[in-house]
Amino acid sequence: MLSKILRFALAGAAVSLVSSPLSAAPDMIVHNAAVTSFDSHKFSAFAIENGRFSAVSADDQAILKLKGKDTLVIDAKGRRAIPGINDSHLHVVRGGRFYNLETRWEGVTSLKIALDMLTEQAKRTPDGQWVRVIGGWTPYQFDEKRMPTVDELNAAVPDKPAFVLFLYSGGLLNKAAMDALGINKDTVAPEGSRYERDADGNPTGLLIADPNPMILYKTIAALPQLSDEEQYNSSQQYYRKLLSLGVTSVIDAGGGGHQFPDNYQASTAMAVNGDLPIRVANYLFPQQPKQELNQYAKWMSNYKQNQNLDGHKHNGYVIEGGGELLVWSASDYENFTAERPELKVEAEAEIEQVIRLHVLMGWPFRIHATYNESISRMLNVLEKVNRDQPLSKVRWAFDHAETISDANLARVQALGGGIAIQGRMAFAGEYFLERYGKAQTRRSPPIKKMLAMGIPVGLGTDGTRVSSFNPWAAYYWAVSGRTVGGTQLYGKDNRLDRLTALQLFTQGSAWFSAEELEKGQIKPGQLADFALLDRDIIKVDEAQLLTTQSVLTVVDGKVRFASDAFKALAPMLPKAIPEWSPVNF
């Protein structure tokens with residue numbers, strides 16, 4: 001048995017190790033790797049014991065000497081090893097509910113191919129079910145650089161209902177879908193949105209959020225849902241997809257049409273059964289306007305902040321706090337194809353009550369805020385609250401903040417807040433550029449300024465609807481300054497180097513769940529979450545970043561995903577259900 005005080009000692013600084021009283025040998029050793037470090041050290045090997053990194057070294061043999069008879073030894077063959085991606089803003093639990101129903105257009109480069117995918121899926125889809133694409137794409141990713149038309153959707157899917165969601169800006173329904181939903185000349189759209197109509201006043205099938213996406217929320221909610229068993233399987237498939245991209249942790253931002261705890265049952269059941277392969281910190285999102293304070297009061301009486309939702313000891317599935325939306329009156333929708341919305345007149349009074357409750361109860365919170373004008377009004381409230389209820393008692397943050405001003409950055413800094421940014425501009429940047437011009441676009445959001453001021457920043461995706469869940473699209477956007485369609489948005493003054501961008505997607509994001517000392521680095525004592533990548537993201541051409549994959553993803557020291565040479569290490573996953581699910585094809 002190794003010493004409880006010191007696990008290992010070598011002359012020099014080539015190896016860094018910590019104490020562990022629990023075993024005589026590591027559970028896993030990885031060597032011959034390009035280990036990513038954020039402090040300029042060059043390491044090539046590390047060991048894992050009891051779910052944490054126990055040793056990191058530039059000397060492979062020093063680590064290999066720790067091997068025991070049951071140690072799993074992995075030769076990385078020179079691959080880049082990174083701390084597991086931690087998405088600071090992903091609608092992962094909601095995404096899992098629907099994943100098996102959705103045809104995804106991530107990475108599809110031709111509109112023709114995209115429409116052909118719908119035609120093929122329609123052949124497999126049984127009567128009573130829909131063909132659907134629920135966000136995560138932009139017309140600019142296609143060679144054609146345009147949206148599909150309603151006529152093209154009707155031609156691609158003539159006999160089954162079909163719905164294509166375009167971010168939270170609009171959507172397309174084919175004729176069969178219009179018939180199924182009973183949409184006709186007399187149908188009234190929700191406030192703040194509309195149906196495109198022909199010369200006779202008949203809806204064409206084009207749904208327009210201008211700027212309120214409620215028309216899109218209501219359409220999604222009207223579609224057939226998966227059974228409980230299918231939702232469980234769907235969540236399994238979605239988490240595996242995230243693992244294949246190197247994601248090991250997420251901060252879940254709730255989402256519209258996603259009630260806690262009723263709609264969380266699949267992921268919660270996975271956690272109870274020990275099947276949840278990714279760490280999930282949940283922020284709770286109230287669904288009923290004018291009832292937000294009551295909803296939070298009820299949640300806070302029934303749950304404690306940082307409570308494990310599965311009732312077990314591990315900390316992989318917890319309630320973190322409130323948000324991203326705290327009150328509906330303070331919504332400023334991220335639809336860059338429409339005019340900026342004004343917050344409702346009652347927004348300040350309502351959000352103040354909810355924030356005061358969070359501070360009183362010690363619950364962290366985060367606030368959806370796209371535009372500087374909204375942020376100014378919210379900061380007025382935060383400064384008022386801070387005068388008699390110090391915000392230093394909780395962690396709080398703005399989400400998105402694309403157009404935040406330097407003056408408001410200073411106010412955020414003074415109040416100790418963080419900012420979670422996402423790659424939404426990678427998918428909507430062309431529309432932002434057209435509406436707001438080059439000067440505003442070059443600093444939206446002002447990432448480099450935030451970092452220079454020492455504001456905590458985390459990187460995320462905001463998948464799966466207003467952008468893709470693929471972290472490498474957001475990473476590509478942050479380092480290249482371009483959209484996935486290739487449009488240049490930023491100059492060098494607002495682009496990140498590759499190591500900094502990765503740090504924001506790992507260590508930076510951990511701040512938002514108060515885990516920056518627990519995870520985000522391949523470092524002794526931290527949680528053993530990492531990925532081996534199929535390419536060296538620090539060195540490859542920028543264009544290759546978009547298609548980055550993991551070949552081995554480890555969470556809590558356990559292999560959760562493996563492919564290529566490591567495929568034999570992969571845990572088995574059941575086939576997607578229902579059988580006709582797009583995931584199977």
# chains A, B, ... in the order shown; residues from 1 in each chain; ligands from 1
call {"tool": "closest_atom_pairs", "arguments": {"of": "range 468-584 of chain A", "to": "range 242-263 of chain A", "cutoff": "9 Å", "atoms": "only C-alpha atoms", "output": "JSON lines"}}
result
{"residue": "A:Phe469", "atom": "CA", "partner": "A:Leu242", "partner_atom": "CA", "distance": 7.8}
{"residue": "A:Asn470", "atom": "CA", "partner": "A:Leu245", "partner_atom": "CA", "distance": 7.1}
{"residue": "A:Pro471", "atom": "CA", "partner": "A:Leu245", "partner_atom": "CA", "distance": 7.4}
{"residue": "A:Trp472", "atom": "CA", "partner": "A:Leu245", "partner_atom": "CA", "distance": 7.9}
{"residue": "A:Thr506", "atom": "CA", "partner": "A:Ser249", "partner_atom": "CA", "distance": 8.8}
{"residue": "A:Ser509", "atom": "CA", "partner": "A:Ile251", "partner_atom": "CA", "distance": 8.4}
{"residue": "A:Ala510", "atom": "CA", "partner": "A:Ile251", "partner_atom": "CA", "distance": 8.9}
{"residue": "A:Phe512", "atom": "CA", "partner": "A:Ile251", "partner_atom": "CA", "distance": 7.9}
{"residue": "A:Ser513", "atom": "CA", "partner": "A:Ile251", "partner_atom": "CA", "distance": 7.4}
{"residue": "A:Asp529", "atom": "CA", "partner": "A:Thr248", "partner_atom": "CA", "distance": 6.4}
{"residue": "A:Phe530", "atom": "CA", "partner": "A:Thr248", "partner_atom": "CA", "distance": 7.3}
{"residue": "A:Ala531", "atom": "CA", "partner": "A:Gly246", "partner_atom": "CA", "distance": 5.3}
{"residue": "A:Leu532", "atom": "CA", "partner": "A:Gly246", "partner_atom": "CA", "distance": 7.7}
{"residue": "A:Leu533", "atom": "CA", "partner": "A:Gly246", "partner_atom": "CA", "distance": 7.6}
{"residue": "A:Thr548", "atom": "CA", "partner": "A:Leu245", "partner_atom": "CA", "distance": 7.1}
{"residue": "A:Gln549", "atom": "CA", "partner": "A:Leu245", "partner_atom": "CA", "distance": 4.9}
{"residue": "A:Ser550", "atom": "CA", "partner": "A:Gly246", "partner_atom": "CA", "distance": 5.2}
{"residue": "A:Val551", "atom": "CA", "partner": "A:Ser244", "partner_atom": "CA", "distance": 7.1}
{"residue": "A:Leu552", "atom": "CA", "partner": "A:Ser244", "partner_atom": "CA", "distance": 7.7}
{"residue": "A:Thr553", "atom": "CA", "partner": "A:Gly246", "partner_atom": "CA", "distance": 5.8}
{"residue": "A:Val554", "atom": "CA", "partner": "A:Thr248", "partner_atom": "CA", "distance": 7.5}
{"residue": "A:Val555", "atom": "CA", "partner": "A:Thr248", "partner_atom": "CA", "distance": 6.0}
{"residue": "A:Arg560", "atom": "CA", "partner": "A:Leu243", "partner_atom": "CA", "distance": 7.2}
{"residue": "A:Phe561", "atom": "CA", "partner": "A:Leu243", "partner_atom": "CA", "distance": 6.0}
{"residue": "A:Ala562", "atom": "CA", "partner": "A:Ser244", "partner_atom": "CA", "distance": 7.7}
{"residue": "A:Ser563", "atom": "CA", "partner": "A:Ser244", "partner_atom": "CA", "distance": 8.4}
call {"tool": "write_last_selection", "arguments": {"atoms": "N, CA, C and O atoms", "output": "short mmCIF file (atom, residue, chain, number, x, y, z; two decimals), in the first residue's frame"}}
result
data_model
loop_
_atom_site.label_atom_id
_atom_site.label_comp_id
_atom_site.auth_asym_id
_atom_site.auth_seq_id
_atom_site.Cartn_x
_atom_site.Cartn_y
_atom_site.Cartn_z
N PHE A 469 -25.92 21.69 -30.89
CA PHE A 469 -25.32 21.20 -29.65
C PHE A 469 -23.85 20.83 -29.83
O PHE A 469 -23.18 20.47 -28.87
N ASN A 470 -23.33 20.94 -31.05
CA ASN A 470 -21.95 20.56 -31.32
C ASN A 470 -20.99 21.62 -30.76
O ASN A 470 -20.94 22.74 -31.25
N PRO A 471 -20.21 21.29 -29.73
CA PRO A 471 -19.33 22.30 -29.13
C PRO A 471 -18.26 22.79 -30.09
O PRO A 471 -17.74 23.90 -29.94
N TRP A 472 -17.92 21.99 -31.09
CA TRP A 472 -16.83 22.37 -31.99
C TRP A 472 -17.26 23.45 -32.97
O TRP A 472 -16.41 24.18 -33.50
N THR A 506 -14.05 24.55 -20.58
CA THR A 506 -13.76 23.52 -19.56
C THR A 506 -13.70 24.18 -18.19
O THR A 506 -14.69 24.25 -17.48
N SER A 509 -16.21 27.27 -17.79
CA SER A 509 -17.61 26.90 -17.59
C SER A 509 -17.86 26.35 -16.19
O SER A 509 -18.98 26.47 -15.66
N ALA A 510 -16.84 25.75 -15.59
CA ALA A 510 -17.01 25.16 -14.26
C ALA A 510 -17.34 26.22 -13.20
O ALA A 510 -17.96 25.90 -12.17
N PHE A 512 -19.56 28.40 -13.32
CA PHE A 512 -21.00 28.64 -13.29
C PHE A 512 -21.75 27.59 -12.49
O PHE A 512 -22.94 27.75 -12.22
N SER A 513 -21.08 26.53 -12.12
CA SER A 513 -21.65 25.55 -11.19
C SER A 513 -20.79 25.45 -9.93
O SER A 513 -20.88 24.48 -9.19
N ASP A 529 -12.40 13.56 -15.86
CA ASP A 529 -13.21 13.69 -17.07
C ASP A 529 -12.29 14.18 -18.18
O ASP A 529 -11.69 15.26 -18.05
N PHE A 530 -12.20 13.42 -19.26
CA PHE A 530 -11.33 13.83 -20.36
C PHE A 530 -11.78 13.17 -21.65
O PHE A 530 -12.60 12.25 -21.67
N ALA A 531 -11.21 13.67 -22.76
CA ALA A 531 -11.47 13.08 -24.07
C ALA A 531 -10.16 13.02 -24.86
O ALA A 531 -9.33 13.94 -24.76
N LEU A 532 -10.02 11.96 -25.63
CA LEU A 532 -8.97 11.88 -26.65
C LEU A 532 -9.62 12.21 -27.98
O LEU A 532 -10.65 11.62 -28.34
N LEU A 533 -9.03 13.14 -28.71
CA LEU A 533 -9.65 13.63 -29.93
C LEU A 533 -9.05 12.99 -31.17
O LEU A 533 -7.91 12.51 -31.16
N THR A 548 -14.55 17.95 -35.59
CA THR A 548 -13.81 17.27 -34.53
C THR A 548 -14.69 16.23 -33.84
O THR A 548 -15.87 16.47 -33.59
N GLN A 549 -14.09 15.09 -33.54
CA GLN A 549 -14.78 14.02 -32.81
C GLN A 549 -13.86 13.51 -31.69
O GLN A 549 -12.65 13.68 -31.75
N SER A 550 -14.48 12.91 -30.71
CA SER A 550 -13.72 12.19 -29.69
C SER A 550 -13.61 10.72 -30.11
O SER A 550 -14.53 10.17 -30.70
N VAL A 551 -12.47 10.12 -29.81
CA VAL A 551 -12.33 8.67 -30.02
C VAL A 551 -12.42 7.93 -28.69
O VAL A 551 -12.58 6.71 -28.66
N LEU A 552 -12.29 8.67 -27.59
CA LEU A 552 -12.43 8.08 -26.26
C LEU A 552 -12.86 9.18 -25.30
O LEU A 552 -12.19 10.21 -25.19
N THR A 553 -13.98 8.97 -24.62
CA THR A 553 -14.46 9.95 -23.64
C THR A 553 -14.64 9.25 -22.30
O THR A 553 -15.32 8.21 -22.22
N VAL A 554 -14.03 9.82 -21.28
CA VAL A 554 -14.04 9.24 -19.94
C VAL A 554 -14.68 10.24 -18.98
O VAL A 554 -14.34 11.43 -18.99
N VAL A 555 -15.62 9.77 -18.18
CA VAL A 555 -16.28 10.59 -17.16
C VAL A 555 -16.15 9.85 -15.83
O VAL A 555 -16.46 8.66 -15.73
N ARG A 560 -16.92 6.10 -21.17
CA ARG A 560 -18.34 6.27 -21.50
C ARG A 560 -18.60 6.24 -23.00
O ARG A 560 -19.72 6.01 -23.43
N PHE A 561 -17.57 6.50 -23.77
CA PHE A 561 -17.69 6.43 -25.23
C PHE A 561 -16.33 6.05 -25.78
O PHE A 561 -15.29 6.50 -25.30
N ALA A 562 -16.33 5.21 -26.82
CA ALA A 562 -15.08 4.84 -27.48
C ALA A 562 -15.37 4.45 -28.92
O ALA A 562 -16.41 3.89 -29.24
N SER A 563 -14.45 4.79 -29.81
CA SER A 563 -14.56 4.44 -31.22
C SER A 563 -13.17 4.15 -31.76
O SER A 563 -12.17 4.21 -31.04
#
call {"tool": "residues_around", "arguments": {"residues": "Leu115 in chain A", "least_positions_apart": "4", "cutoff": "8 Å", "atoms": "only C-alpha atoms", "output": "PDB file with N, CA and C atoms, in the first residue's frame"}}
result
ATOM      1  N   LEU A 111     -28.486  21.999 -49.375  1.00  0.00           N
ATOM      2  CA  LEU A 111     -29.925  22.014 -49.156  1.00  0.00           C
ATOM      3  C   LEU A 111     -30.586  20.826 -49.843  1.00  0.00           C
ATOM      4  N   THR A 119     -37.097  13.299 -47.320  1.00  0.00           N
ATOM      5  CA  THR A 119     -37.829  12.359 -48.179  1.00  0.00           C
ATOM      6  C   THR A 119     -37.616  10.924 -47.717  1.00  0.00           C
ATOM      7  N   GLU A 152     -40.785  23.460 -51.718  1.00  0.00           N
ATOM      8  CA  GLU A 152     -39.762  22.404 -51.697  1.00  0.00           C
ATOM      9  C   GLU A 152     -40.046  21.404 -50.585  1.00  0.00           C
ATOM     10  N   LEU A 153     -40.527  21.879 -49.450  1.00  0.00           N
ATOM     11  CA  LEU A 153     -40.863  20.963 -48.358  1.00  0.00           C
ATOM     12  C   LEU A 153     -42.049  20.085 -48.752  1.00  0.00           C
ATOM     13  N   ALA A 156     -40.697  17.471 -51.080  1.00  0.00           N
ATOM     14  CA  ALA A 156     -39.857  16.478 -50.408  1.00  0.00           C
ATOM     15  C   ALA A 156     -40.695  15.532 -49.556  1.00  0.00           C
TER      16      ALA A 156
END
call {"tool": "residues_around", "arguments": {"residues": "Arg194 in chain A", "least_positions_apart": "4", "cutoff": "9 Å", "atoms": "only C-alpha atoms", "output": "list of chain:residue names"}}
result
A:Val188, A:Ala189, A:Pro190, A:Leu206, A:Leu207, A:Ile208, A:Ala209, A:Asp210, A:Ile215
call {"tool": "write_last_selection", "arguments": {"atoms": "all heavy atoms", "output": "short mmCIF file (atom, residue, chain, number, x, y, z; two decimals), in the first residue's frame"}}
result
data_model
loop_
_atom_site.label_atom_id
_atom_site.label_comp_id
_atom_site.auth_asym_id
_atom_site.auth_seq_id
_atom_site.Cartn_x
_atom_site.Cartn_y
_atom_site.Cartn_z
N VAL A 188 -55.50 32.32 -35.70
CA VAL A 188 -54.83 33.50 -35.18
C VAL A 188 -53.51 33.09 -34.55
O VAL A 188 -53.46 32.17 -33.71
CB VAL A 188 -55.71 34.22 -34.14
CG1 VAL A 188 -54.98 35.44 -33.56
CG2 VAL A 188 -57.04 34.65 -34.77
N ALA A 189 -52.43 33.74 -34.93
CA ALA A 189 -51.11 33.44 -34.38
C ALA A 189 -50.97 34.02 -32.98
O ALA A 189 -51.62 35.01 -32.64
CB ALA A 189 -50.03 34.00 -35.29
N PRO A 190 -50.13 33.43 -32.13
CA PRO A 190 -49.86 34.02 -30.81
C PRO A 190 -49.28 35.42 -30.93
O PRO A 190 -48.70 35.79 -31.96
CB PRO A 190 -48.82 33.05 -30.21
CG PRO A 190 -49.01 31.77 -30.95
CD PRO A 190 -49.42 32.16 -32.34
N LEU A 206 -45.46 29.15 -43.83
CA LEU A 206 -44.30 29.81 -43.23
C LEU A 206 -44.71 30.46 -41.92
O LEU A 206 -45.63 31.27 -41.88
CB LEU A 206 -43.72 30.87 -44.18
CG LEU A 206 -42.51 31.66 -43.67
CD1 LEU A 206 -41.32 30.73 -43.43
CD2 LEU A 206 -42.13 32.76 -44.67
N LEU A 207 -44.05 30.07 -40.82
CA LEU A 207 -44.30 30.63 -39.50
C LEU A 207 -43.22 31.67 -39.20
O LEU A 207 -42.03 31.40 -39.39
CB LEU A 207 -44.27 29.54 -38.43
CG LEU A 207 -45.07 28.26 -38.70
CD1 LEU A 207 -44.98 27.32 -37.52
CD2 LEU A 207 -46.52 28.58 -39.04
N ILE A 208 -43.61 32.83 -38.71
CA ILE A 208 -42.66 33.92 -38.48
C ILE A 208 -42.74 34.36 -37.03
O ILE A 208 -43.79 34.79 -36.55
CB ILE A 208 -42.95 35.11 -39.43
CG1 ILE A 208 -42.87 34.65 -40.89
CG2 ILE A 208 -41.97 36.25 -39.17
CD1 ILE A 208 -43.35 35.70 -41.88
N ALA A 209 -41.63 34.26 -36.33
CA ALA A 209 -41.51 34.79 -34.97
C ALA A 209 -41.03 36.23 -35.09
O ALA A 209 -39.92 36.47 -35.55
CB ALA A 209 -40.52 33.97 -34.16
N ASP A 210 -41.87 37.18 -34.70
CA ASP A 210 -41.52 38.58 -34.96
C ASP A 210 -41.83 39.47 -33.77
O ASP A 210 -42.74 40.30 -33.82
CB ASP A 210 -42.28 39.07 -36.20
CG ASP A 210 -41.75 40.40 -36.73
OD1 ASP A 210 -40.68 40.82 -36.29
OD2 ASP A 210 -42.43 41.00 -37.57
N ILE A 215 -45.15 31.04 -31.29
CA ILE A 215 -45.75 30.28 -32.38
C ILE A 215 -44.96 29.00 -32.65
O ILE A 215 -45.52 27.96 -33.02
CB ILE A 215 -45.86 31.15 -33.66
CG1 ILE A 215 -46.73 30.44 -34.72
CG2 ILE A 215 -44.49 31.49 -34.23
CD1 ILE A 215 -47.02 31.32 -35.93
#
call {"tool": "select_by_dssp", "arguments": {"residues": "range 259-329 of chain A", "states": "strand (DSSP E)", "output": "number ranges by chain"}}
result
A: 279-284, 317-322
call {"tool": "residues_around", "arguments": {"residues": "Gln507 in chain A", "least_positions_apart": "2", "cutoff": "7 Å", "atoms": "only C-alpha atoms", "output": "list in words"}}
result
Gln503, Leu504, Phe505, Ser509, Ala510, Glu516, Lys519, Gly520 and Gln521 of chain A
call {"tool": "atom_distance", "arguments": {"atom1": "CA of Ala62 in chain A", "atom2": "CA of Asn50 in chain A"}}
result
19.5 Å
call {"tool": "select_by_dssp", "arguments": {"residues": "range 84-283 of chain A", "states": "alpha helix (DSSP H)", "output": "VMD selection string"}}
result
chain A and resid 92 to 98 111 to 124 150 to 156 175 to 181 214 to 222 228 to 244 265 to 272
call {"tool": "residues_around", "arguments": {"residues": "Met28 in chain A", "least_positions_apart": "3", "cutoff": "7 Å", "atoms": "only C-alpha atoms", "output": "PyMOL selection string"}}
result
chain A and resi 47-49+71-73
call {"tool": "residues_around", "arguments": {"residues": "Pro341 in chain A", "least_positions_apart": "6", "cutoff": "12 Å", "atoms": "only C-alpha atoms", "output": "list in words"}}
result
Gly192, Ala209, Asp210, Pro211, Asn212, Pro213, Ser329, Ala330, Ser331, Asp332, Tyr333, Glu334, Asn335, Ala369, Thr370, Tyr371, Asn372, Glu373 and Ser374 of chain A
call {"tool": "closest_residue", "arguments": {"among": "A:Thr441, A:Thr138, A:Ser405, A:Gln422", "to": "Leu167 in chain A", "atoms": "only C-alpha atoms"}}
result
A:Thr138
call {"tool": "residues_around", "arguments": {"residues": "Gly417 in chain A", "least_positions_apart": "4", "cutoff": "12 Å", "atoms": "only C-alpha atoms", "output": "PyMOL selection string"}}
result
chain A and resi 364-367+379+382-383+386+390-399+408-413+450+453-458+511-512
call {"tool": "closest_residue", "arguments": {"among": "A:Phe98, A:Asp536, A:Ala347, A:Asp179", "to": "Ser227 in chain A", "atoms": "only C-alpha atoms"}}
result
A:Phe98
call {"tool": "closest_residue", "arguments": {"among": "A:Arg482, A:Arg94, A:Lys449, A:His41", "to": "Tyr140 in chain A", "atoms": "only C-alpha atoms"}}
result
A:Arg482
call {"tool": "atom_distance", "arguments": {"atom1": "CA of Glu120 in chain A", "atom2": "CA of Thr464 in chain A"}}
result
22.4 Å
